[in-house]
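Undergrad: The structure is given below, and queries will be raised subsequently.
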Amino acid sequence: MLRLEKRPSPSRAWNYATPLVAVAATMFLGGLLFLALGKNPFEAIRLIFWDPLFSPQFAAYSRPQLLVKAGPLILIAVGLSIGFRAGIWNIGAEGQYIIGALCAAAVALFFYPAENPLVFPLMIVAGAFGGWLWAMIPAILKTRFNTNEILVSLLLVYVAEKLLAAAATSFMRNPDGGGFPGSRDFTRYPSSANNEIIANTGMHWGVVAAFIAVIFAYVLLQRHLLGFQVRLAGQAPRAARFAGVNPARLVVLSLGFSGALAGMAGMFEVSGPAKLVSIDFNAGYGFTAIIVAFLGRLHPVGILLAGLLLALTYIGGELAQFMLGLPAAAIQVFQGMLLFFLLAFDVLSNYRVRFSMPGRKAEAA
Amino acid sequence: MEIGSLNVVVLIASLMVAATPILMAAIGELVVEKAGVLNLGVEGMMITGAVSGFAIAVTTGSPVMGMLGAIIAGALMALIFGILTQVLMANQVASGLALTLFGLGFSALVGQGFVGIVPPRTAKLDFGPLSDIPVLGQILFRHDALVYVSLLMVAGVWYWLTRTRSGRILRAVGENHDSAHALGYKVRRVRILAIMFGGACAGLGGAYLSLIRVPQWTEGMTAGAGWIALALVVFASWRPWRALLGAYLFGGIMVLQLNLQAAGLRFPVEYLSMSPYLITILVLVIMSSSRARASLAAPGSLGQSFHAAG
């Protein structure tokens with residue numbers, strides 16, 4: 001019989017090992033999935049994890065894409081991880097991302113076509129503000145009325161999507177666009193364009209912001225009283241209350257922080273890689289960032305690595321789609337499996353597996 | 001009976017159809033939460049049910065087989081959640097989210113060959129002369145069998161939870177798992193069974209959506225219905241009959257909103273289609289604002305992991 005015994009404190013070794021084990025298990029089961037879809041599993045895994053970085057044929061195009069995709073994932077996930085640590089679940093980052101992009105787009109369209117170096121910084125502020133504002137709805141409903149922030153933040157994603165559709169088809173539609181949905185192209189308006197800082201690296205301002213966010217979160221969690229309060233509230237809520245942690249303040253701060261970062265991610269995306277406000281502007285980064293946050297163990301440096309890995313699955317997925325005809329949804333399944341395995345293997349960091357004699361009655365429940 | 005251009009009888013009849021999928025999912029989740037488990041994967045289980053039911057019904061030509069397949073698919077998805085949270089002691093919120101993310105991807109993968117296909121028709125029940133009764137006949141006796149099944153589910157769950165021994169054991173497990181364990185009840189087994197029941201209900205609700213309500217398969221077609229079902233459980237204060245009331249209220253809002261869209265008001269469609277989500281939030285706020293009531297109604301051990309020491 002196998003039996004679980006709770007560890008007095010989580011195992012550090014397993015804490016680092018579980019993400020790696022989870023990735024390996026996902027590759028294995030993912031390979032079986034690709035096999036079931038009639039594709040060569042080894043070729044598919046190589047196309048997803050190796051070729052985007054090292055193949056002479058594709059790497060020139062794919063490598064810069066890595067930072068382009070990882071930027072928003074890391075930026076959003078760093079924000080989410082603070083709340084997740086404190087047991088505050090913002091799962092509506094996708095909506096905050098959309099609203100951030102819309103607010104930034106509004107600023108750009110307001111100034112268009114006047115050139116001014118202040119437009120871009122203003123757009124960043126507007127993006128962060130939009131995301132913050134959208135996250136404040138669940139935060140205030142939680143602190144004022146005790147409403148579940150999980151459901152509210154998630155439901156607001158659908159509202160944001162409808163707003164996005166309205167923006168793309170009516171109030172932000174490009175007047176010179178011949179009646180097609182979608183706003184002006186922000187990369188063609190020099191004041192608002194979020195171009196690559198170094199050519200062919202994929203490094204744009206959003207990636208810079210993501211790195212700054214990682215460092216900021218690291219300092220906050222390790223060196224600041226607020227970071228300590230966040231960790232305390234997550235691990236021992238009662239102790240946190242006795243220690244004078246104000247739960248309402250924590251809700252407002254962590255939701256606001258994650259919302260602002262998600263909004264900023266939306267701003268960098270709409271002014272750069274996405275180019276414009278379109279109906280299908282949001283690509284699910286807000287949800288994938290949840291996986292990134294967990295895979296990175298809610299630790300800023302871990303999130304940096306996890307963000308790069310999931311960015312790789314996006315790019316590799318596209319490559320496999322192009323080369324093997326692997327369906328796009330297969331990558332989504334792959335990412336979902338990764339989270340499953342991660343949660344499953346986490347048992348090893350919190351519990352010790354014991355073997356007990358079949359003769360002696362072990363309490364199974 | 002007409003108000004403006006809206007026919008009230010047709011409206012009531014169609015709100016029952018619109019409410020059925022979320023009612024089924026909500027009743028399932030209600031049982032899960034009564035057992036003390038919060039499964040946020042309803043959306044993922046619903047869409048898995050929607051695609052499996054659709055695929056099986058199209059390939060076998062039998063909607064009944066599709067429904068059964070959806071029930072099994074939903075229960076199997078739920079079993080993944082059950083193993084993660086009950087055996088491997090994973091966090092329930094994270095596991096539920098994982099279920100939803102996985103379900104959305106899985107359904108898109110399975111469903112790609114089924115886009116644009118018309119599923120076999122599900123026959124309406126024949127009540128003979130009853131359906132010809134003016135007003136009442138139209139509202140009550142002209143539906144497909146599953147509308148009545150959903151009503152039976154409400155009644156059945158209510159009876160089971162309040163009047164039977166096993167239902168009371170389930171509630172005991174949800175209220176205080178340590179005490180239930182001390183009394184000798186198998187906390188883990190009860191919870192896994194409840195989770196699978198919830199998955200089966202969500203799967204059936206999803207199949208109702210793809211086979212009867214729409215009826216078609218499109219990617220992401222549940223569009224938040226699973227999340228609305230979760231909110232409905234809170235609205236219902238964990239009581240089956242209130243879930244029925246809530247589902248029909250939401251059904252009414254959805255139908256009304258669609259009717260207004262069709263009526264061609266000079267009001268952008270996007271804002272009207274926001275209304276179900278906004279109203280759900282509003283309802284959540286109203287239900288949770290009175291702190292005492294909300295905390296009394298929720299099962300005591302909701303969302304907490306159970307690990308028997310020793």
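Each chain in the structure tokens gets a letter, A, B, ..., in the order shown, and its residues are numbered from 1; ligands are numbered from 1 in order too.
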I need the helix (DSSP H, G or I) residues of segment 93-257 of chain A per DSSP on the backbone, written as a ChimeraX atom specification.

TA: /A:93-111,119-145,149-171,186-188,205-223,225-235,237-242,247-257

Undergrad: Give me the residues within 12 Å of Trp238 of chain B as a PyMOL selection string, counting only C-alpha atoms and dropping any in the same chain fewer than 2 places off.

TA: chain B and resi 26-36+154+157-158+161+171+174+229-236+240-244+246+287+293-300+302

Undergrad: Please, what distance in Å, to one decimal, runs between atom CA of Ser52 of chain B and atom CA of Gly111 of chain B?

TA: 8.2 Å

Undergrad: Please list as a PyMOL selection string every residue within 12 Å of Ser210 of chain B, counting only C-alpha atoms and excluding residues in the same chain fewer than 4 positions away.

TA: chain B and resi 21+46-58+63+66-67+70+107+111+114-122+203-206+214-222

Undergrad: Compile the contact shell of Val255 of chain B as a short mmCIF file (atom, residue, chain, number, x, y, z; two decimals) with all heavy atoms, in the first residue's frame: residues with an atom at most 8 Å away, counting only C-alpha atoms, same-chain residues fewer than 5 positions apart removed.

TA:
data_model
loop_
_atom_site.label_atom_id
_atom_site.label_comp_id
_atom_site.auth_asym_id
_atom_site.auth_seq_id
_atom_site.Cartn_x
_atom_site.Cartn_y
_atom_site.Cartn_z
N LEU B 11 -41.68 33.22 -25.13
CA LEU B 11 -40.53 33.63 -24.33
C LEU B 11 -40.31 32.67 -23.17
O LEU B 11 -39.20 32.19 -22.94
CB LEU B 11 -40.77 35.05 -23.79
CG LEU B 11 -39.57 35.75 -23.20
CD1 LEU B 11 -38.67 36.24 -24.30
CD2 LEU B 11 -40.01 36.92 -22.34
N SER B 14 -39.10 29.31 -24.40
CA SER B 14 -37.71 29.25 -24.86
C SER B 14 -36.73 29.54 -23.74
O SER B 14 -35.59 29.11 -23.79
CB SER B 14 -37.48 30.20 -26.04
OG SER B 14 -37.96 31.47 -25.74
N LEU B 15 -37.16 30.25 -22.70
CA LEU B 15 -36.23 30.46 -21.58
C LEU B 15 -35.98 29.15 -20.84
O LEU B 15 -34.89 28.93 -20.31
CB LEU B 15 -36.73 31.56 -20.63
CG LEU B 15 -37.75 31.29 -19.52
CD1 LEU B 15 -37.11 30.67 -18.30
CD2 LEU B 15 -38.40 32.60 -19.12
N ALA B 18 -33.31 27.60 -22.83
CA ALA B 18 -32.03 28.31 -22.65
C ALA B 18 -31.42 28.02 -21.29
O ALA B 18 -30.20 27.99 -21.13
CB ALA B 18 -32.25 29.82 -22.81
#

Undergrad: So, with only C-alpha atoms as the atoms that count, which of B:Ala263, B:Ala155, B:Leu272, B:Leu282 lies closest to Ile228 of chain B?

TA: B:Leu282

Undergrad: Which of these residues is nearest to chain B, using only C-alpha atoms: A:Gly92, A:Gly202, A:Gly302, A:Gly307?

TA: A:Gly92

Undergrad: Compile the contact shell of Val301 of chain A as a list in words: residues with an atom at most 9 Å away, counting only C-alpha atoms, same-chain residues fewer than 4 positions apart removed.

TA: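 Near neighbours after the sequence-gap exclusion: Val214, Ile215, Tyr218, Gly296, Leu305 and Ala306 of chain A.
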
Undergrad: Residues as selected, all heavy atoms, written as a PDB file, in the first residue's frame, can you do that?

TA:
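Written out: result.pdb:
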ATOM      1  N   VAL A 214      10.117  41.377 -13.281  1.00  0.00           N
ATOM      2  CA  VAL A 214      10.711  40.219 -12.596  1.00  0.00           C
ATOM      3  C   VAL A 214      11.597  40.700 -11.443  1.00  0.00           C
ATOM      4  O   VAL A 214      11.484  40.213 -10.308  1.00  0.00           O
ATOM      5  CB  VAL A 214      11.534  39.360 -13.586  1.00  0.00           C
ATOM      6  CG1 VAL A 214      12.419  38.368 -12.844  1.00  0.00           C
ATOM      7  CG2 VAL A 214      10.604  38.623 -14.539  1.00  0.00           C
ATOM      8  N   ILE A 215      12.450  41.682 -11.730  1.00  0.00           N
ATOM      9  CA  ILE A 215      13.360  42.189 -10.690  1.00  0.00           C
ATOM     10  C   ILE A 215      12.565  42.846  -9.567  1.00  0.00           C
ATOM     11  O   ILE A 215      12.797  42.601  -8.380  1.00  0.00           O
ATOM     12  CB  ILE A 215      14.363  43.190 -11.317  1.00  0.00           C
ATOM     13  CG1 ILE A 215      15.229  42.466 -12.357  1.00  0.00           C
ATOM     14  CG2 ILE A 215      15.216  43.838 -10.237  1.00  0.00           C
ATOM     15  CD1 ILE A 215      16.024  43.393 -13.236  1.00  0.00           C
ATOM     16  N   TYR A 218      10.901  40.295  -7.448  1.00  0.00           N
ATOM     17  CA  TYR A 218      11.901  39.591  -6.642  1.00  0.00           C
ATOM     18  C   TYR A 218      12.248  40.401  -5.395  1.00  0.00           C
ATOM     19  O   TYR A 218      12.235  39.896  -4.272  1.00  0.00           O
ATOM     20  CB  TYR A 218      13.161  39.324  -7.478  1.00  0.00           C
ATOM     21  CG  TYR A 218      14.192  38.511  -6.749  1.00  0.00           C
ATOM     22  CD1 TYR A 218      14.104  37.127  -6.716  1.00  0.00           C
ATOM     23  CD2 TYR A 218      15.236  39.138  -6.066  1.00  0.00           C
ATOM     24  CE1 TYR A 218      15.026  36.375  -6.022  1.00  0.00           C
ATOM     25  CE2 TYR A 218      16.163  38.393  -5.365  1.00  0.00           C
ATOM     26  CZ  TYR A 218      16.055  37.006  -5.354  1.00  0.00           C
ATOM     27  OH  TYR A 218      16.967  36.265  -4.659  1.00  0.00           O
ATOM     28  N   GLY A 296       6.406  28.307 -12.899  1.00  0.00           N
ATOM     29  CA  GLY A 296       7.529  29.040 -12.325  1.00  0.00           C
ATOM     30  C   GLY A 296       7.502  29.058 -10.811  1.00  0.00           C
ATOM     31  O   GLY A 296       8.250  29.815 -10.199  1.00  0.00           O
ATOM     32  N   LEU A 305      11.780  31.787 -16.546  1.00  0.00           N
ATOM     33  CA  LEU A 305      12.121  30.569 -17.287  1.00  0.00           C
ATOM     34  C   LEU A 305      10.864  29.911 -17.861  1.00  0.00           C
ATOM     35  O   LEU A 305      10.831  29.499 -19.021  1.00  0.00           O
ATOM     36  CB  LEU A 305      12.862  29.591 -16.368  1.00  0.00           C
ATOM     37  CG  LEU A 305      14.189  30.114 -15.813  1.00  0.00           C
ATOM     38  CD1 LEU A 305      14.760  29.151 -14.793  1.00  0.00           C
ATOM     39  CD2 LEU A 305      15.176  30.354 -16.936  1.00  0.00           C
ATOM     40  N   ALA A 306       9.813  29.835 -17.017  1.00  0.00           N
ATOM     41  CA  ALA A 306       8.580  29.194 -17.466  1.00  0.00           C
ATOM     42  C   ALA A 306       7.964  29.965 -18.626  1.00  0.00           C
ATOM     43  O   ALA A 306       7.411  29.370 -19.561  1.00  0.00           O
ATOM     44  CB  ALA A 306       7.593  29.104 -16.306  1.00  0.00           C
TER      45      ALA A 306
END

Undergrad: May I have a table of the residues of chain A lying at most 8 Å from chain B, giving each one's closest pair of atoms and their distance in Å to one decimal, counting only C-alpha atoms, ordered by chain and ascending residue number, as a Markdown table?

TA:
| residue | atom | partner | partner_atom | distance |
| --- | --- | --- | --- | --- |
| A:Glu5 | CA | B:Ala309 | CA | 7.7 |
| A:Leu141 | CA | B:Val285 | CA | 6.9 |
| A:Arg144 | CA | B:Ser289 | CA | 7.7 |
| A:Phe145 | CA | B:Ser289 | CA | 4.3 |
| A:Asn146 | CA | B:Ser288 | CA | 5.9 |
| A:Thr147 | CA | B:Ser288 | CA | 5.4 |
| A:Asn148 | CA | B:Leu284 | CA | 7.8 |
| A:Leu151 | CA | B:Trp227 | CA | 6.9 |
| A:Val152 | CA | B:Ile281 | CA | 6.0 |
| A:Leu154 | CA | B:Trp227 | CA | 7.9 |
| A:Leu155 | CA | B:Tyr277 | CA | 5.9 |
| A:Leu156 | CA | B:Tyr277 | CA | 7.3 |
| A:Tyr158 | CA | B:Tyr277 | CA | 7.1 |
| A:Val159 | CA | B:Met274 | CA | 5.4 |
| A:Lys162 | CA | B:Glu270 | CA | 5.3 |
| A:Leu163 | CA | B:Glu270 | CA | 6.8 |
| A:Ala165 | CA | B:Glu270 | CA | 6.9 |
| A:Ala166 | CA | B:Glu270 | CA | 5.9 |
| A:Phe287 | CA | B:Leu101 | CA | 7.7 |
| A:Pro327 | CA | B:Leu109 | CA | 6.9 |
| A:Ala328 | CA | B:Leu109 | CA | 7.9 |
| A:Ala329 | CA | B:Leu109 | CA | 5.0 |
| A:Ala330 | CA | B:Leu109 | CA | 6.0 |
| A:Ile331 | CA | B:Gly105 | CA | 7.8 |
| A:Gln332 | CA | B:Gly105 | CA | 4.8 |
| A:Val333 | CA | B:Gly105 | CA | 4.7 |
| A:Gln335 | CA | B:Phe102 | CA | 7.5 |
| A:Gly336 | CA | B:Phe102 | CA | 4.2 |
| A:Met337 | CA | B:Phe102 | CA | 6.6 |
| A:Leu339 | CA | B:Ala98 | CA | 6.0 |
| A:Phe340 | CA | B:Ala98 | CA | 6.2 |
| A:Leu343 | CA | B:Ala90 | CA | 5.7 |
| A:Ala344 | CA | B:Leu84 | CA | 5.8 |
| A:Phe345 | CA | B:Leu88 | CA | 7.9 |
| A:Asp346 | CA | B:Ala90 | CA | 7.2 |
| A:Val347 | CA | B:Leu88 | CA | 5.5 |
| A:Glu363 | CA | B:Gly310 | CA | 7.2 |
| A:Ala365 | CA | B:Arg188 | CA | 5.8 |

Undergrad: Within 12 Å of Val135 of chain B, counting only C-alpha atoms, which residues show up once you throw out same-chain ones fewer than 6 positions away? Write them as a list in words, please.

TA: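 With the cut-off at 12 Å, the set is Met1, Glu2, Asn7, Val8, Val9, Val10, Leu11, Ile12, Ala13, Phe141 and Arg142 of chain B.
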